[in-house]
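**Q** Input structure: protein-v3.csv, which contains CSV, C-alpha atoms and all ligand atoms.
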chain,number,residue,atom,x,y,z
A,1,MET,CA,-73.6,4.1,21.6
A,2,SER,CA,-71.0,6.9,21.6
A,3,PRO,CA,-70.3,8.8,18.4
A,4,VAL,CA,-68.2,7.0,15.8
A,5,THR,CA,-64.7,8.6,15.5
A,6,PRO,CA,-63.3,9.2,12.0
A,7,GLN,CA,-60.9,6.2,12.5
A,8,GLN,CA,-63.6,3.9,13.6
A,9,ARG,CA,-65.7,5.1,10.6
A,10,ARG,CA,-62.8,4.2,8.3
A,11,TYR,CA,-62.8,0.6,9.6
A,12,LEU,CA,-66.6,0.4,9.5
A,13,ASP,CA,-66.5,1.6,5.9
A,14,ALA,CA,-63.8,-1.0,5.2
A,15,MET,CA,-66.2,-3.6,6.4
A,16,GLY,CA,-69.0,-2.1,4.3
A,17,ILE,CA,-71.1,-0.9,7.3
A,18,ASP,CA,-72.9,2.4,6.7
A,19,VAL,CA,-72.7,4.9,9.5
A,20,TRP,CA,-75.0,7.9,9.5
A,21,VAL,CA,-73.0,11.1,9.7
A,22,ARG,CA,-74.1,14.6,9.1
A,23,ARG,CA,-72.7,15.9,5.8
A,24,ASP,CA,-71.1,18.9,7.4
A,25,GLN,CA,-69.2,16.6,9.8
A,26,VAL,CA,-67.4,14.5,7.1
A,27,LEU,CA,-63.7,15.3,6.7
A,28,PRO,CA,-62.9,15.1,3.0
A,29,GLU,CA,-59.6,13.2,3.5
A,30,ALA,CA,-61.1,10.7,5.9
A,31,ALA,CA,-63.9,10.0,3.4
A,32,ALA,CA,-61.3,9.5,0.6
A,33,VAL,CA,-59.2,7.1,2.7
A,34,ALA,CA,-62.3,5.2,3.7
A,35,GLN,CA,-63.4,4.9,0.1
A,36,ALA,CA,-60.0,3.7,-1.1
A,37,GLU,CA,-59.6,1.2,1.7
A,38,SER,CA,-63.1,-0.1,1.3
A,39,ALA,CA,-62.7,-0.5,-2.4
A,40,SER,CA,-59.4,-2.4,-2.1
A,41,ILE,CA,-60.7,-4.7,0.5
A,42,GLU,CA,-63.9,-5.4,-1.4
A,43,SER,CA,-62.1,-6.1,-4.6
A,44,ALA,CA,-59.7,-8.5,-2.9
A,45,LEU,CA,-62.5,-10.6,-1.5
A,46,ALA,CA,-64.2,-13.6,-2.9
A,47,PRO,CA,-66.7,-16.2,-1.6
A,48,GLU,CA,-65.5,-19.4,-0.1
A,49,PRO,CA,-67.5,-22.6,0.0
A,50,ALA,CA,-69.4,-23.8,3.1
A,51,VAL,CA,-68.5,-27.2,4.6
A,52,PRO,CA,-70.6,-29.7,6.5
A,53,LEU,CA,-70.5,-30.4,10.2
A,54,GLU,CA,-67.6,-32.7,11.2
A,55,ALA,CA,-68.1,-35.8,13.2
A,56,PRO,CA,-65.6,-36.7,15.9
A,57,GLY,CA,-63.4,-39.7,15.0
A,58,GLU,CA,-61.3,-42.2,16.8
A,59,GLY,CA,-57.5,-42.8,17.0
A,60,LEU,CA,-56.7,-39.1,17.6
A,61,PRO,CA,-53.1,-38.0,18.2
A,62,ASP,CA,-52.2,-37.3,21.8
A,63,VAL,CA,-50.5,-33.9,21.8
A,64,SER,CA,-51.7,-32.9,25.3
A,65,GLU,CA,-48.2,-32.7,26.7
A,66,LEU,CA,-46.6,-30.7,23.8
A,67,ASP,CA,-45.3,-27.2,24.1
A,68,TRP,CA,-45.5,-24.7,21.2
A,69,ASP,CA,-42.4,-25.9,19.4
A,70,GLY,CA,-43.3,-29.6,19.8
A,71,LEU,CA,-46.9,-28.9,18.6
A,72,ARG,CA,-45.7,-26.9,15.6
A,73,GLN,CA,-43.3,-29.7,14.6
A,74,ARG,CA,-46.0,-32.3,15.1
A,75,VAL,CA,-48.4,-30.4,12.9
A,76,ALA,CA,-45.7,-29.7,10.2
A,77,GLY,CA,-45.1,-33.5,9.9
A,78,CYS,CA,-48.7,-34.6,10.3
A,79,ARG,CA,-49.8,-37.3,7.9
A,80,LEU,CA,-52.9,-38.4,9.7
A,81,CYS,CA,-55.2,-37.7,6.8
A,82,GLU,CA,-54.8,-37.5,3.1
A,83,LEU,CA,-54.7,-33.7,3.0
A,84,HIS,CA,-50.9,-34.0,3.7
A,85,GLN,CA,-50.5,-35.3,0.1
A,86,SER,CA,-51.9,-32.1,-1.5
A,87,ARG,CA,-50.9,-29.4,0.9
A,88,THR,CA,-48.0,-27.0,0.1
A,89,GLN,CA,-47.4,-26.7,3.8
A,90,THR,CA,-49.4,-26.9,7.0
A,91,VAL,CA,-51.0,-23.7,8.4
A,92,PHE,CA,-50.4,-23.8,12.1
A,93,GLY,CA,-51.7,-20.5,13.3
A,94,VAL,CA,-50.4,-17.0,14.0
A,95,GLY,CA,-50.5,-14.3,16.5
A,96,ASP,CA,-50.0,-13.5,20.2
A,97,GLN,CA,-49.5,-16.8,22.1
A,98,GLN,CA,-51.0,-15.0,25.1
A,99,ALA,CA,-53.8,-13.4,23.3
A,100,ARG,CA,-57.1,-12.7,25.0
A,101,TRP,CA,-59.0,-13.5,21.8
A,102,LEU,CA,-58.6,-16.6,19.7
A,103,ILE,CA,-60.1,-16.4,16.3
A,104,VAL,CA,-61.0,-19.8,14.8
A,105,GLY,CA,-61.9,-20.2,11.1
A,106,GLU,CA,-62.6,-23.2,9.0
A,107,ALA,CA,-59.6,-24.3,6.8
A,108,PRO,CA,-56.8,-22.7,4.8
A,109,GLY,CA,-57.5,-21.6,1.3
A,110,VAL,CA,-55.1,-21.3,-1.6
A,111,ASP,CA,-53.3,-18.2,-0.3
A,112,GLU,CA,-53.0,-19.6,3.2
A,113,ASP,CA,-51.6,-22.9,1.8
A,114,ARG,CA,-49.0,-20.9,-0.2
A,115,GLN,CA,-48.0,-18.6,2.7
A,116,GLY,CA,-48.4,-20.9,5.6
A,117,GLU,CA,-50.5,-18.4,7.6
A,118,PRO,CA,-54.2,-18.3,8.2
A,119,PHE,CA,-56.5,-15.6,6.8
A,120,VAL,CA,-54.0,-13.9,4.6
A,121,GLY,CA,-56.2,-14.0,1.5
A,122,ARG,CA,-59.2,-12.0,0.6
A,123,ALA,CA,-61.3,-13.1,3.6
A,124,GLY,CA,-58.3,-12.4,5.8
A,125,LYS,CA,-58.3,-8.8,4.8
A,126,LEU,CA,-61.9,-8.4,5.8
A,127,LEU,CA,-61.2,-10.3,9.1
A,128,ASN,CA,-58.4,-7.7,9.8
A,129,ALA,CA,-60.8,-4.9,9.1
A,130,MET,CA,-63.4,-6.5,11.4
A,131,LEU,CA,-60.9,-6.7,14.2
A,132,GLN,CA,-59.8,-3.1,13.7
A,133,ALA,CA,-63.4,-2.0,13.9
A,134,VAL,CA,-63.4,-3.1,17.5
A,135,GLY,CA,-59.9,-1.7,18.2
A,136,LEU,CA,-57.8,-4.9,17.8
A,137,SER,CA,-54.9,-5.5,15.4
A,138,ARG,CA,-54.2,-8.9,13.9
A,139,GLU,CA,-51.1,-9.1,16.1
A,140,GLN,CA,-53.1,-8.8,19.3
A,141,VAL,CA,-55.2,-11.9,18.7
A,142,TYR,CA,-54.3,-15.5,17.8
A,143,ILE,CA,-55.8,-16.9,14.5
A,144,ALA,CA,-56.1,-20.6,13.7
A,145,ASN,CA,-58.4,-22.9,11.8
A,146,ILE,CA,-60.3,-26.1,12.5
A,147,LEU,CA,-58.1,-27.7,9.7
A,148,LYS,CA,-54.3,-27.2,9.4
A,149,CYS,CA,-54.2,-28.3,5.8
A,150,ARG,CA,-56.0,-27.0,2.7
A,151,PRO,CA,-58.7,-29.3,1.3
A,152,PRO,CA,-57.8,-29.6,-2.5
A,153,ASN,CA,-59.8,-27.2,-4.7
A,154,ASN,CA,-61.3,-25.8,-1.5
A,155,ARG,CA,-63.6,-28.7,-1.2
A,156,ASP,CA,-65.5,-29.4,2.0
A,157,PRO,CA,-63.4,-30.9,4.8
A,158,ARG,CA,-64.3,-34.5,5.5
A,159,PRO,CA,-65.3,-35.6,9.0
A,160,GLU,CA,-62.2,-37.7,9.5
A,161,GLU,CA,-60.0,-34.8,8.5
A,162,ALA,CA,-61.5,-32.5,11.1
A,163,ALA,CA,-61.4,-35.2,13.7
A,164,CYS,CA,-57.7,-35.9,13.1
A,165,CYS,CA,-56.9,-32.2,13.3
A,166,PHE,CA,-59.0,-31.2,16.3
A,167,PRO,CA,-56.5,-32.2,19.0
A,168,TYR,CA,-54.0,-29.7,17.5
A,169,LEU,CA,-56.4,-26.9,17.9
A,170,ARG,CA,-57.5,-28.0,21.4
A,171,ARG,CA,-53.8,-28.0,22.5
A,172,GLN,CA,-53.4,-24.5,21.0
A,173,ILE,CA,-56.4,-23.4,23.1
A,174,GLU,CA,-54.9,-25.0,26.2
A,175,LEU,CA,-51.6,-23.2,25.6
A,176,ILE,CA,-53.1,-19.8,24.8
A,177,GLN,CA,-55.8,-19.9,27.5
A,178,PRO,CA,-57.8,-17.1,25.7
A,179,ASP,CA,-60.5,-15.2,27.5
A,180,LEU,CA,-62.7,-16.1,24.6
A,181,ILE,CA,-62.9,-17.7,21.3
A,182,ILE,CA,-64.5,-16.1,18.2
A,183,ALA,CA,-65.8,-18.8,15.9
A,184,VAL,CA,-66.1,-17.4,12.4
A,185,GLY,CA,-68.6,-19.3,10.4
A,186,ARG,CA,-70.9,-22.2,10.8
A,187,ILE,CA,-68.3,-24.9,10.4
A,188,ALA,CA,-65.9,-23.5,13.0
A,189,ALA,CA,-68.8,-22.9,15.4
A,190,GLN,CA,-70.4,-26.3,15.0
A,191,ARG,CA,-67.2,-28.2,15.2
A,192,LEU,CA,-66.0,-26.3,18.3
A,193,LEU,CA,-69.3,-26.6,20.0
A,194,ASP,CA,-69.9,-30.2,18.7
A,195,CYS,CA,-73.4,-29.4,17.7
A,196,ASN,CA,-75.7,-29.0,14.6
A,197,THR,CA,-77.3,-25.8,15.7
A,198,PRO,CA,-77.7,-23.2,12.9
A,199,LEU,CA,-75.3,-20.3,13.1
A,200,ASN,CA,-78.0,-17.7,13.6
A,201,ARG,CA,-79.1,-19.5,16.8
A,202,LEU,CA,-75.6,-19.6,18.1
A,203,ARG,CA,-75.0,-15.9,17.6
A,204,GLY,CA,-75.9,-13.3,20.2
A,205,SER,CA,-75.3,-15.3,23.3
A,206,VAL,CA,-72.2,-16.8,25.0
A,207,GLN,CA,-71.5,-20.4,24.1
A,208,GLN,CA,-68.9,-22.5,25.8
A,209,LEU,CA,-66.2,-24.9,24.7
A,210,GLU,CA,-66.8,-28.0,26.7
A,211,SER,CA,-63.3,-29.2,27.3
A,212,THR,CA,-61.8,-25.9,28.6
A,213,ALA,CA,-65.0,-24.0,29.5
A,214,THR,CA,-63.8,-21.1,27.3
A,215,PRO,CA,-66.6,-18.7,26.3
A,216,VAL,CA,-67.3,-18.9,22.5
A,217,ILE,CA,-68.8,-16.1,20.5
A,218,VAL,CA,-70.1,-17.1,17.1
A,219,THR,CA,-70.2,-14.8,14.1
A,220,TYR,CA,-70.3,-14.9,10.4
A,221,HIS,CA,-67.3,-16.0,8.3
A,222,PRO,CA,-65.7,-13.1,6.5
A,223,ALA,CA,-66.1,-14.9,3.2
A,224,TYR,CA,-69.8,-15.2,3.8
A,225,LEU,CA,-69.9,-11.5,4.6
A,226,LEU,CA,-68.5,-10.8,1.1
A,227,ARG,CA,-71.5,-12.5,-0.4
A,228,SER,CA,-73.9,-11.0,2.1
A,229,PRO,CA,-72.6,-7.5,2.9
A,230,ALA,CA,-75.9,-6.6,4.6
A,231,ASP,CA,-74.8,-8.9,7.5
A,232,LYS,CA,-71.6,-7.0,8.1
A,233,ARG,CA,-73.3,-4.8,10.7
A,234,LYS,CA,-74.5,-7.9,12.6
A,235,ALA,CA,-70.9,-9.2,12.6
A,236,TRP,CA,-69.7,-5.9,14.0
A,237,GLU,CA,-72.4,-6.2,16.7
A,238,ASP,CA,-71.1,-9.7,17.5
A,239,LEU,CA,-67.6,-8.4,18.0
A,240,LEU,CA,-68.8,-5.5,20.1
A,241,PHE,CA,-70.7,-8.0,22.2
A,242,ALA,CA,-67.5,-10.0,22.5
A,243,ARG,CA,-65.5,-6.9,23.4
A,244,SER,CA,-68.1,-6.1,26.1
A,245,LEU,CA,-67.4,-9.4,27.7
A,246,THR,CA,-63.7,-8.9,27.9
A,247,THR,CA,-63.5,-5.2,28.7
A,248,GLY,CA,-66.8,-4.5,30.2
A,249,GLU,CA,-67.4,-1.6,27.7
B,1,LIG,N1,-61.0,-19.2,5.5
B,1,LIG,C1,-60.8,-19.8,6.6
B,1,LIG,O1,-61.7,-20.3,7.3
B,1,LIG,N2,-59.5,-19.8,7.1
B,1,LIG,C2,-58.5,-19.3,6.5
B,1,LIG,O2,-57.4,-19.3,7.0
B,1,LIG,C3,-58.7,-18.6,5.3
B,1,LIG,C4,-60.0,-18.6,4.8
Turn this file's structure into structure tokens for me.
Ligand code: URA
**A**
Amino acid sequence: MSPVTPQQRRYLDAMGIDVWVRRDQVLPEAAAVAQAESASIESALAPEPAVPLEAPGEGLPDVSELDWDGLRQRVAGCRLCELHQSRTQTVFGVGDQQARWLIVGEAPGVDEDRQGEPFVGRAGKLLNAMLQAVGLSREQVYIANILKCRPPNNRDPRPEEAACCFPYLRRQIELIQPDLIIAVGRIAAQRLLDCNTPLNRLRGSVQQLESTATPVIVTYHPAYLLRSPADKRKAWEDLLFARSLTTGE
């Protein structure tokens, strides 16, 4: 691998990944920035609960003909499951509607429910750093979740909730037509791939979304990485692998 630039090192530090550098090559100001950035990201982050595999349901909404505006409106008014009663607002998704990468997480948390945007809380800050570590800004990708509404008290999503919501995400995938999907965390991966396979067996190879044949790369959820920082390096490697598929680097 080519030597890590000071900027890359800052992002890797922000993710908590140690990079070996000769002491006489460390720029004092780069080290100070990295330390401050890393500290602020780490302090902003907190674990989020894991959720079980969702089972597909019946009576799903047909949104297959909707454009972006129509889909957004349909999601905003959705009352298909009981989560509409406790949400502040739906969390549709954000980013470049022609992005090459679609990031799919699990469900909005308290910050996302308040702001109406996915991954704006503590885990989101780490997700941003992870993307930056492979040269991507948040604005260059599209970010969405399996669920558009926050489960109260961050409880696990129920199978019927995920089943009701999945057509919205599938339509987003059809509209974006990304080169690949990054599934962050076990729940997103298993729901997208409709399987029970453990996350560690899904990582490291190219999976495929059945309905659109979109390649899927599976990696750790940023909230998990906060609890298990030793795995941040593996997450970085997953994203490098993903990048190699889309850029050939
Ligand atoms: N965790 C997720 O999976 N999605 C979010 O939007 C925020 C936290």
**Q** Give me, as a count of residues only, the set of residues whose atoms come within 8 Å of any atom of ligand LIG 1 (chain B), counting only C-alpha atoms and all ligand atoms.
**A** 27
**Q** Please, which residues are within 9 Å of (-49.1, -28.9, 4.4) by the file's coordinates, counting only C-alpha atoms, and could they come as a PyMOL selection string?
**A** chain A and resi 75-78+83-91+113+116+148-150
**Q** Could you state the separation of CA of Gln190 (chain A) and CA of Asp69 (chain A) in Å, given to one decimal place?
**A** 28.3 Å
**Q** Can you work out the spacing between CA of Ala189 (chain A) and CA of Leu126 (chain A) in Å, to one decimal?
**A**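 According to the coordinates, CA of Ala189 (chain A) and CA of Leu126 (chain A) are separated by 18.7 Å.
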**Q** Which residues are close to region 92-99 of chain A, i.e. within 6 Å by all atoms listed in the file, leaving aside same-chain residues fewer than 4 positions away? Reply as a ChimeraX atom specification.
**A** /A:139-144,148,176,178
**Q** Hey, could you patch up region 78-103 of chain A with N, CA, C and O atoms and hand it over as a PDB file, in the frame of the given file?
**A**
ATOM      1  N   CYS A  78     -47.446 -33.775  10.160  1.00  0.00           N
ATOM      2  CA  CYS A  78     -48.700 -34.600  10.300  1.00  0.00           C
ATOM      3  C   CYS A  78     -49.022 -35.272   8.945  1.00  0.00           C
ATOM      4  O   CYS A  78     -49.029 -34.644   7.890  1.00  0.00           O
ATOM      5  N   ARG A  79     -49.305 -36.570   9.040  1.00  0.00           N
ATOM      6  CA  ARG A  79     -49.800 -37.300   7.900  1.00  0.00           C
ATOM      7  C   ARG A  79     -50.986 -38.159   8.228  1.00  0.00           C
ATOM      8  O   ARG A  79     -51.199 -39.237   7.689  1.00  0.00           O
ATOM      9  N   LEU A  80     -51.748 -37.653   9.179  1.00  0.00           N
ATOM     10  CA  LEU A  80     -52.900 -38.400   9.700  1.00  0.00           C
ATOM     11  C   LEU A  80     -54.024 -38.558   8.697  1.00  0.00           C
ATOM     12  O   LEU A  80     -54.813 -39.489   8.780  1.00  0.00           O
ATOM     13  N   CYS A  81     -54.148 -37.595   7.822  1.00  0.00           N
ATOM     14  CA  CYS A  81     -55.200 -37.700   6.800  1.00  0.00           C
ATOM     15  C   CYS A  81     -54.608 -37.423   5.444  1.00  0.00           C
ATOM     16  O   CYS A  81     -53.470 -36.974   5.325  1.00  0.00           O
ATOM     17  N   GLU A  82     -55.397 -37.638   4.433  1.00  0.00           N
ATOM     18  CA  GLU A  82     -54.800 -37.500   3.100  1.00  0.00           C
ATOM     19  C   GLU A  82     -54.531 -36.121   2.635  1.00  0.00           C
ATOM     20  O   GLU A  82     -53.889 -35.912   1.614  1.00  0.00           O
ATOM     21  N   LEU A  83     -54.939 -35.131   3.434  1.00  0.00           N
ATOM     22  CA  LEU A  83     -54.700 -33.700   3.000  1.00  0.00           C
ATOM     23  C   LEU A  83     -53.162 -33.444   2.992  1.00  0.00           C
ATOM     24  O   LEU A  83     -52.736 -32.493   2.346  1.00  0.00           O
ATOM     25  N   HIS A  84     -52.362 -34.269   3.675  1.00  0.00           N
ATOM     26  CA  HIS A  84     -50.900 -34.000   3.700  1.00  0.00           C
ATOM     27  C   HIS A  84     -50.343 -34.202   2.250  1.00  0.00           C
ATOM     28  O   HIS A  84     -49.310 -33.635   1.908  1.00  0.00           O
ATOM     29  N   GLN A  85     -51.044 -34.980   1.422  1.00  0.00           N
ATOM     30  CA  GLN A  85     -50.500 -35.300   0.100  1.00  0.00           C
ATOM     31  C   GLN A  85     -50.669 -34.048  -0.856  1.00  0.00           C
ATOM     32  O   GLN A  85     -49.874 -33.882  -1.773  1.00  0.00           O
ATOM     33  N   SER A  86     -51.667 -33.240  -0.609  1.00  0.00           N
ATOM     34  CA  SER A  86     -51.900 -32.100  -1.500  1.00  0.00           C
ATOM     35  C   SER A  86     -51.525 -30.774  -0.982  1.00  0.00           C
ATOM     36  O   SER A  86     -51.496 -29.790  -1.728  1.00  0.00           O
ATOM     37  N   ARG A  87     -51.180 -30.718   0.294  1.00  0.00           N
ATOM     38  CA  ARG A  87     -50.900 -29.400   0.900  1.00  0.00           C
ATOM     39  C   ARG A  87     -49.490 -28.925   0.353  1.00  0.00           C
ATOM     40  O   ARG A  87     -48.606 -29.743   0.071  1.00  0.00           O
ATOM     41  N   THR A  88     -49.326 -27.615   0.284  1.00  0.00           N
ATOM     42  CA  THR A  88     -48.000 -27.000   0.100  1.00  0.00           C
ATOM     43  C   THR A  88     -47.262 -27.056   1.410  1.00  0.00           C
ATOM     44  O   THR A  88     -46.090 -27.400   1.494  1.00  0.00           O
ATOM     45  N   GLN A  89     -47.981 -26.689   2.454  1.00  0.00           N
ATOM     46  CA  GLN A  89     -47.400 -26.700   3.800  1.00  0.00           C
ATOM     47  C   GLN A  89     -48.621 -26.659   4.789  1.00  0.00           C
ATOM     48  O   GLN A  89     -49.748 -26.352   4.392  1.00  0.00           O
ATOM     49  N   THR A  90     -48.349 -26.981   6.036  1.00  0.00           N
ATOM     50  CA  THR A  90     -49.400 -26.900   7.000  1.00  0.00           C
ATOM     51  C   THR A  90     -49.567 -25.390   7.415  1.00  0.00           C
ATOM     52  O   THR A  90     -48.653 -24.580   7.262  1.00  0.00           O
ATOM     53  N   VAL A  91     -50.742 -25.070   7.928  1.00  0.00           N
ATOM     54  CA  VAL A  91     -51.000 -23.700   8.400  1.00  0.00           C
ATOM     55  C   VAL A  91     -51.357 -23.770   9.844  1.00  0.00           C
ATOM     56  O   VAL A  91     -52.485 -24.076  10.249  1.00  0.00           O
ATOM     57  N   PHE A  92     -50.348 -23.523  10.646  1.00  0.00           N
ATOM     58  CA  PHE A  92     -50.400 -23.800  12.100  1.00  0.00           C
ATOM     59  C   PHE A  92     -51.309 -22.817  12.825  1.00  0.00           C
ATOM     60  O   PHE A  92     -52.161 -23.191  13.631  1.00  0.00           O
ATOM     61  N   GLY A  93     -51.052 -21.539  12.581  1.00  0.00           N
ATOM     62  CA  GLY A  93     -51.700 -20.500  13.300  1.00  0.00           C
ATOM     63  C   GLY A  93     -50.764 -19.360  13.517  1.00  0.00           C
ATOM     64  O   GLY A  93     -49.558 -19.527  13.341  1.00  0.00           O
ATOM     65  N   VAL A  94     -51.295 -18.187  13.870  1.00  0.00           N
ATOM     66  CA  VAL A  94     -50.400 -17.000  14.000  1.00  0.00           C
ATOM     67  C   VAL A  94     -50.975 -16.065  15.013  1.00  0.00           C
ATOM     68  O   VAL A  94     -52.173 -16.023  15.242  1.00  0.00           O
ATOM     69  N   GLY A  95     -50.061 -15.305  15.632  1.00  0.00           N
ATOM     70  CA  GLY A  95     -50.500 -14.300  16.500  1.00  0.00           C
ATOM     71  C   GLY A  95     -49.865 -14.331  17.899  1.00  0.00           C
ATOM     72  O   GLY A  95     -48.853 -15.007  18.095  1.00  0.00           O
ATOM     73  N   ASP A  96     -50.482 -13.645  18.823  1.00  0.00           N
ATOM     74  CA  ASP A  96     -50.000 -13.500  20.200  1.00  0.00           C
ATOM     75  C   ASP A  96     -50.316 -14.843  20.943  1.00  0.00           C
ATOM     76  O   ASP A  96     -51.493 -15.172  21.106  1.00  0.00           O
ATOM     77  N   GLN A  97     -49.283 -15.517  21.398  1.00  0.00           N
ATOM     78  CA  GLN A  97     -49.500 -16.800  22.100  1.00  0.00           C
ATOM     79  C   GLN A  97     -50.159 -16.593  23.467  1.00  0.00           C
ATOM     80  O   GLN A  97     -50.530 -17.565  24.130  1.00  0.00           O
ATOM     81  N   GLN A  98     -50.249 -15.337  23.885  1.00  0.00           N
ATOM     82  CA  GLN A  98     -51.000 -15.000  25.100  1.00  0.00           C
ATOM     83  C   GLN A  98     -52.201 -14.160  24.857  1.00  0.00           C
ATOM     84  O   GLN A  98     -52.637 -13.394  25.716  1.00  0.00           O
ATOM     85  N   ALA A  99     -52.712 -14.275  23.660  1.00  0.00           N
ATOM     86  CA  ALA A  99     -53.800 -13.400  23.300  1.00  0.00           C
ATOM     87  C   ALA A  99     -55.052 -13.640  24.130  1.00  0.00           C
ATOM     88  O   ALA A  99     -55.297 -14.752  24.602  1.00  0.00           O
ATOM     89  N   ARG A 100     -55.840 -12.599  24.275  1.00  0.00           N
ATOM     90  CA  ARG A 100     -57.100 -12.700  25.000  1.00  0.00           C
ATOM     91  C   ARG A 100     -58.193 -13.285  24.081  1.00  0.00           C
ATOM     92  O   ARG A 100     -59.146 -13.885  24.546  1.00  0.00           O
ATOM     93  N   TRP A 101     -58.030 -13.022  22.781  1.00  0.00           N
ATOM     94  CA  TRP A 101     -59.000 -13.500  21.800  1.00  0.00           C
ATOM     95  C   TRP A 101     -58.344 -14.528  20.880  1.00  0.00           C
ATOM     96  O   TRP A 101     -57.276 -14.252  20.323  1.00  0.00           O
ATOM     97  N   LEU A 102     -58.994 -15.651  20.711  1.00  0.00           N
ATOM     98  CA  LEU A 102     -58.600 -16.600  19.700  1.00  0.00           C
ATOM     99  C   LEU A 102     -59.644 -16.661  18.617  1.00  0.00           C
ATOM    100  O   LEU A 102     -60.828 -16.895  18.910  1.00  0.00           O
ATOM    101  N   ILE A 103     -59.227 -16.384  17.398  1.00  0.00           N
ATOM    102  CA  ILE A 103     -60.100 -16.400  16.300  1.00  0.00           C
ATOM    103  C   ILE A 103     -59.996 -17.805  15.596  1.00  0.00           C
ATOM    104  O   ILE A 103     -58.873 -18.209  15.263  1.00  0.00           O
TER     105      ILE A 103
END
